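Colleague: run_32.csv is reproduced below (CSV, C-alpha atoms).
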chain,number,residue,atom,x,y,z
C,1,MET,CA,-2.6,-13.8,0.5
C,2,ARG,CA,-5.0,-11.3,1.8
C,3,SER,CA,-4.7,-8.0,-0.2
C,4,SER,CA,-4.4,-4.8,1.8
C,5,LEU,CA,-6.6,-3.2,-0.8
C,6,LYS,CA,-9.3,-5.9,-0.3
C,7,LYS,CA,-9.0,-5.5,3.5
C,8,VAL,CA,-9.0,-1.7,3.6
C,9,TYR,CA,-11.5,-1.1,0.9
C,10,LYS,CA,-13.7,-4.2,1.2
C,11,CYS,CA,-16.8,-2.0,1.9
C,12,MET,CA,-16.6,-0.4,-1.5
C,13,ILE,CA,-15.1,-3.1,-3.8
C,14,GLY,CA,-16.9,-6.1,-2.5
C,15,ILE,CA,-19.0,-6.3,-5.6
C,16,LEU,CA,-16.0,-6.2,-7.9
C,17,ILE,CA,-14.3,-8.9,-5.9
C,18,SER,CA,-17.3,-11.2,-5.9
C,19,THR,CA,-17.7,-10.9,-9.6
C,20,GLY,CA,-14.0,-11.7,-10.2
C,21,MET,CA,-13.1,-8.3,-11.6
C,22,LEU,CA,-10.5,-7.6,-9.1
C,23,GLY,CA,-7.5,-9.8,-8.2
C,24,LEU,CA,-4.9,-8.1,-6.1
C,25,VAL,CA,-1.7,-9.2,-4.4
C,26,SER,CA,0.0,-6.9,-1.9
C,27,CYS,CA,3.4,-5.5,-3.0
C,28,GLY,CA,4.2,-3.8,0.3
C,29,ASN,CA,7.7,-4.0,1.9
C,30,LYS,CA,7.3,-4.4,5.7
C,31,VAL,CA,11.0,-4.4,6.4
C,32,GLU,CA,12.1,-1.2,4.9
C,33,GLY,CA,8.7,0.5,4.5
C,34,VAL,CA,9.7,2.1,1.2
C,35,SER,CA,6.9,0.8,-0.9
C,36,GLY,CA,3.4,-0.6,-0.8
C,37,SER,CA,0.4,0.5,1.2
C,38,ILE,CA,0.8,3.2,3.9
C,39,LEU,CA,-1.4,5.2,6.1
C,40,THR,CA,-0.1,8.5,7.5
C,41,ILE,CA,-1.5,10.2,10.6
C,42,GLU,CA,-0.9,13.9,10.1
C,43,LYS,CA,-0.3,16.4,12.9
C,44,ASP,CA,-3.8,17.9,12.5
C,45,GLY,CA,-5.3,14.4,12.9
C,46,THR,CA,-6.2,13.7,9.3
C,47,VAL,CA,-5.3,10.4,7.8
C,48,ARG,CA,-3.8,10.0,4.4
C,49,ALA,CA,-4.1,6.6,2.7
C,50,ASN,CA,-1.8,5.6,-0.1
C,51,ILE,CA,-2.7,2.0,-1.2
C,52,VAL,CA,-0.4,0.4,-3.8
C,53,GLU,CA,-1.3,-3.1,-5.1
C,54,ASP,CA,-0.3,-5.3,-8.0
C,55,PHE,CA,-3.2,-6.5,-10.2
C,56,ARG,CA,-3.6,-9.3,-12.7
C,57,GLU,CA,-4.4,-8.0,-16.2
C,58,GLY,CA,-7.8,-9.1,-17.4
C,59,TYR,CA,-9.5,-9.0,-14.0
C,60,TYR,CA,-9.6,-5.3,-13.5
C,61,ASP,CA,-11.5,-2.3,-14.7
C,62,LYS,CA,-10.1,1.0,-13.5
C,63,GLU,CA,-13.2,3.1,-14.5
C,64,GLU,CA,-15.6,0.9,-12.6
C,65,LEU,CA,-13.4,0.7,-9.6
C,66,GLN,CA,-13.0,4.5,-9.5
C,67,GLN,CA,-16.7,5.0,-9.9
C,68,THR,CA,-17.4,2.6,-7.0
C,69,ILE,CA,-14.9,4.3,-4.7
C,70,LEU,CA,-16.4,7.7,-5.5
C,71,GLU,CA,-19.9,6.5,-4.9
C,72,GLN,CA,-19.0,4.9,-1.6
C,73,ALA,CA,-17.2,8.1,-0.4
C,74,ALA,CA,-20.1,10.3,-1.4
C,75,SER,CA,-22.6,8.0,0.4
C,76,TYR,CA,-20.4,8.1,3.5
C,77,ASN,CA,-20.1,11.9,3.4
C,78,ARG,CA,-23.9,12.3,3.1
C,79,ASN,CA,-24.2,10.7,6.5
C,80,ALA,CA,-21.0,11.8,8.3
C,81,GLY,CA,-20.6,15.3,6.8
C,82,SER,CA,-19.0,16.8,3.7
C,83,GLY,CA,-15.2,16.3,3.5
C,84,SER,CA,-15.1,13.4,5.9
C,85,VAL,CA,-13.6,11.2,3.1
C,86,THR,CA,-11.9,12.5,0.0
C,87,VAL,CA,-10.8,10.5,-3.0
C,88,GLU,CA,-7.6,12.0,-4.2
C,89,LYS,CA,-6.5,9.6,-7.0
C,90,VAL,CA,-7.2,6.2,-8.5
C,91,GLU,CA,-4.5,5.3,-11.0
C,92,ALA,CA,-3.4,2.2,-12.9
C,93,LYS,CA,0.2,2.3,-14.1
C,94,GLU,CA,2.9,-0.4,-14.8
C,95,GLU,CA,0.7,-3.3,-13.6
C,96,ALA,CA,-0.1,-1.6,-10.3
C,97,ILE,CA,-3.0,0.3,-8.9
C,98,THR,CA,-2.6,3.3,-6.6
C,99,VAL,CA,-5.5,4.6,-4.6
C,100,GLN,CA,-5.0,7.8,-2.5
C,101,MET,CA,-7.6,9.0,-0.1
C,102,THR,CA,-7.8,11.5,2.8
C,103,TYR,CA,-9.9,11.0,5.9
C,104,ALA,CA,-10.9,13.8,8.4
C,105,GLY,CA,-9.7,11.7,11.3
C,106,VAL,CA,-9.0,8.2,12.5
C,107,GLN,CA,-12.7,7.6,13.4
C,108,ASP,CA,-13.7,8.3,9.8
C,109,TYR,CA,-11.1,5.8,8.5
C,110,ALA,CA,-12.3,3.2,11.0
C,111,SER,CA,-16.0,3.7,10.2
C,112,PHE,CA,-15.5,3.8,6.4
C,113,ASN,CA,-13.3,0.8,6.3
C,114,HIS,CA,-14.9,-1.2,9.1
C,115,ALA,CA,-11.6,-1.4,10.9
C,116,ILE,CA,-10.3,-0.8,14.4
C,117,PHE,CA,-8.2,2.4,14.3
C,118,PHE,CA,-7.9,4.5,17.4
C,119,ALA,CA,-5.3,7.2,18.2
C,120,GLY,CA,-5.6,9.3,21.4
C,121,THR,CA,-4.8,9.4,25.0
C,122,ALA,CA,-4.8,6.2,27.1
C,123,LYS,CA,-7.6,7.6,29.2
C,124,GLU,CA,-9.7,8.1,26.0
C,125,ALA,CA,-8.9,4.6,24.9
C,126,LEU,CA,-10.1,3.2,28.3
C,127,GLU,CA,-13.3,5.3,28.0
C,128,ALA,CA,-13.8,3.9,24.5
C,129,GLY,CA,-13.8,0.4,25.9
C,130,PHE,CA,-10.3,-0.8,24.9
C,131,ASP,CA,-8.5,-3.3,27.2
C,132,LEU,CA,-5.3,-1.7,28.5
C,133,ASN,CA,-4.3,-4.7,30.5
C,134,VAL,CA,-1.4,-5.3,28.2
C,135,VAL,CA,2.4,-5.4,28.3
C,136,LEU,CA,4.3,-3.3,25.8
C,137,SER,CA,8.1,-3.4,25.1
C,138,GLY,CA,10.4,-0.5,24.5
C,139,VAL,CA,11.5,0.1,20.9
C,140,LYS,CA,15.0,1.0,21.9
C,141,ASN,CA,15.3,-1.5,24.7
C,142,GLU,CA,13.0,-4.6,24.4
C,143,MET,CA,13.8,-5.5,28.1
C,144,GLU,CA,12.0,-2.3,29.2
C,145,THR,CA,8.3,-3.0,29.5
C,146,VAL,CA,5.3,-1.0,30.6
C,147,GLY,CA,1.8,-2.1,31.8
C,148,GLU,CA,-1.6,-0.5,32.2
C,149,SER,CA,-0.7,1.8,35.1
C,150,ASP,CA,2.4,3.1,33.2
C,151,ILE,CA,0.4,3.6,30.0
C,152,LEU,CA,-2.3,5.6,31.8
C,153,GLY,CA,0.5,7.8,33.2
C,154,MET,CA,1.9,8.7,29.8
C,155,GLU,CA,-0.3,11.8,29.4
C,156,GLY,CA,2.0,13.4,26.8
C,157,SER,CA,2.0,10.4,24.5
C,158,VAL,CA,-0.4,9.0,21.9
C,159,LEU,CA,-1.8,5.5,22.1
C,160,LEU,CA,-2.5,3.8,18.8
C,161,ILE,CA,-4.7,0.7,18.8
C,162,THR,CA,-5.5,-1.0,15.5
C,163,ASN,CA,-6.0,-4.2,13.5
C,164,ILE,CA,-4.8,-2.7,10.2
C,165,ASN,CA,-2.0,-4.6,8.5
C,166,ASP,CA,-0.9,-1.8,6.2
C,167,GLY,CA,2.1,0.4,7.3
C,168,ILE,CA,1.1,3.3,9.6
C,169,ALA,CA,3.3,6.4,9.7
C,170,VAL,CA,2.8,8.2,13.0
C,171,ASN,CA,3.3,11.8,13.8
C,172,GLY,CA,6.3,11.2,16.0
C,173,LYS,CA,8.3,8.1,17.0
C,174,ALA,CA,7.2,4.8,18.4
C,175,LEU,CA,8.3,4.3,22.0
C,176,TYR,CA,6.6,1.1,23.2
C,177,VAL,CA,4.8,-1.6,21.1
C,178,SER,CA,3.0,-4.9,21.6
C,179,ASP,CA,4.9,-8.0,20.5
C,180,ASN,CA,2.8,-8.2,17.3
C,181,VAL,CA,4.2,-5.0,15.9
C,182,VAL,CA,7.1,-4.4,13.5
C,183,VAL,CA,8.9,-1.0,13.7
C,184,SER,CA,10.9,0.7,11.0
C,185,PRO,CA,14.5,1.6,11.8
C,186,ASN,CA,13.6,5.3,12.4
C,187,ALA,CA,10.7,4.3,14.6
C,188,LYS,CA,8.3,6.5,12.6
C,189,THR,CA,6.4,3.7,10.8
C,190,ILE,CA,4.8,0.6,12.3
C,191,TRP,CA,3.2,-2.6,10.9
C,192,TYR,CA,0.8,-4.9,12.7
C,193,SER,CA,1.9,-8.5,12.0
C,194,GLY,CA,-1.1,-10.3,13.5
C,195,ASP,CA,-4.5,-11.2,12.2
C,196,GLU,CA,-7.7,-9.1,12.2
C,197,ASN,CA,-8.9,-10.8,15.4
C,198,GLY,CA,-6.1,-9.3,17.4
C,199,LEU,CA,-4.9,-5.8,18.1
C,200,ALA,CA,-1.7,-3.8,17.8
C,201,TYR,CA,-0.8,-1.4,20.6
C,202,VAL,CA,1.7,1.4,20.0
C,203,ILE,CA,2.7,4.4,22.2
C,204,TYR,CA,4.3,7.2,20.2
C,205,GLN,CA,5.4,10.7,20.9
Before anything else, please render the file you have as structure tokens.

Modeller:
Amino acid sequence: MRSSLKKVYKCMIGILISTGMLGLVSCGNKVEGVSGSILTIEKDGTVRANIVEDFREGYYDKEELQQTILEQAASYNRNAGSGSVTVEKVEAKEEAITVQMTYAGVQDYASFNHAIFFAGTAKEALEAGFDLNVVLSGVKNEMETVGESDILGMEGSVLLITNINDGIAVNGKALYVSDNVVVSPNAKTIWYSGDENGLAYVIYQ
């Protein structure tokens, strides 16, 4: 099973993985969204990441992992600007590791983690090169669908496009999603259920 911590932080823990120091298995709960790894898009555009993973005792060194994360964040900030990525916590407790980080925006998260993570207007997505020739289904009514022209007309909504498997808590409620997206009962958290070669589309408001 691919670990969300390996996926999200592969740019900074690749050395630890390759030397066999880190062996993680995801402990997220996609159905209820009450535990595991979660990203939160705040109202001001910042992204807060709370990554929770199990680890196998004997293959893990907290201090070295923490140092690696701090060094990678410092390196990124030297190029992108101070405060673009902040490491809030690296903690090992009860056979689980928790990593909390804050990103200045979705672009910083995408660049730092080598992931696709866009949140903006449909027009901005089109200008960024994303294909909007998709069909999205309503969260409340799956029979209600929207296409590219409809999506471009939703100027008051936010379009989220990503290949991230961790839960994403949006600043609002999901209205329309692609068929590879799982939505929490309150429509405030989504999970992409596909692989990294595909994309999840979510319209929220």

Colleague: Would you list the residues near (-5.7, 16.2, 10.9), meaning any protein, DNA or RNA residue with an atom at most 10 Å from that point in file coordinates, counting all atoms listed in the file, as a ChimeraX atom specification?

Modeller: /C:41-48,102-106

Colleague: Given the selection you just returned, output its residues as a file containing C-alpha atoms, formatted as a JSON list (two decimals), keeping the file's coordinate frame.

Modeller:
[["chain", "number", "residue", "atom", "x", "y", "z"],
["C", 41, "ILE", "CA", -1.50, 10.20, 10.60],
["C", 42, "GLU", "CA", -0.90, 13.90, 10.10],
["C", 43, "LYS", "CA", -0.30, 16.40, 12.90],
["C", 44, "ASP", "CA", -3.80, 17.90, 12.50],
["C", 45, "GLY", "CA", -5.30, 14.40, 12.90],
["C", 46, "THR", "CA", -6.20, 13.70, 9.30],
["C", 47, "VAL", "CA", -5.30, 10.40, 7.80],
["C", 48, "ARG", "CA", -3.80, 10.00, 4.40],
["C", 102, "THR", "CA", -7.80, 11.50, 2.80],
["C", 103, "TYR", "CA", -9.90, 11.00, 5.90],
["C", 104, "ALA", "CA", -10.90, 13.80, 8.40],
["C", 105, "GLY", "CA", -9.70, 11.70, 11.30],
["C", 106, "VAL", "CA", -9.00, 8.20, 12.50]]

Colleague: To one decimal place in Å, what is the distance between CA of Val135 (chain C) and CA of Tyr192 (chain C)?

Modeller: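 Straight-line distance from CA of Val135 (chain C) to CA of Tyr192 (chain C) works out to 15.7 Å.
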
Colleague: Looking at C:Ala73, C:Leu152, C:Leu65, C:Ala110, which one is nearest to Glu91 (chain C), with distances taken over only C-alpha atoms?

Modeller: C:Leu65

Colleague: Which residues are close to Ser82 (chain C), i.e. within 12 Å by all atoms listed in the file, leaving aside same-chain residues fewer than 4 positions away? Reply as a PyMOL selection string.

Modeller: chain C and resi 73-78+86+103-104+108

Colleague: Find the distance between CA of Gly194 (chain C) and CA of Ser149 (chain C) and write it in Å to one decimal.

Modeller: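 Answer for the CA of Gly194 (chain C) to CA of Ser149 (chain C) separation: 24.8 Å.
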
Colleague: Find, counting all atoms listed in the file, the residue in C:Ala115, C:Met101, C:Ala128, C:Ile161 that gets nearest to Ala200 (chain C).

Modeller: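 Closest candidate: C:Ile161.
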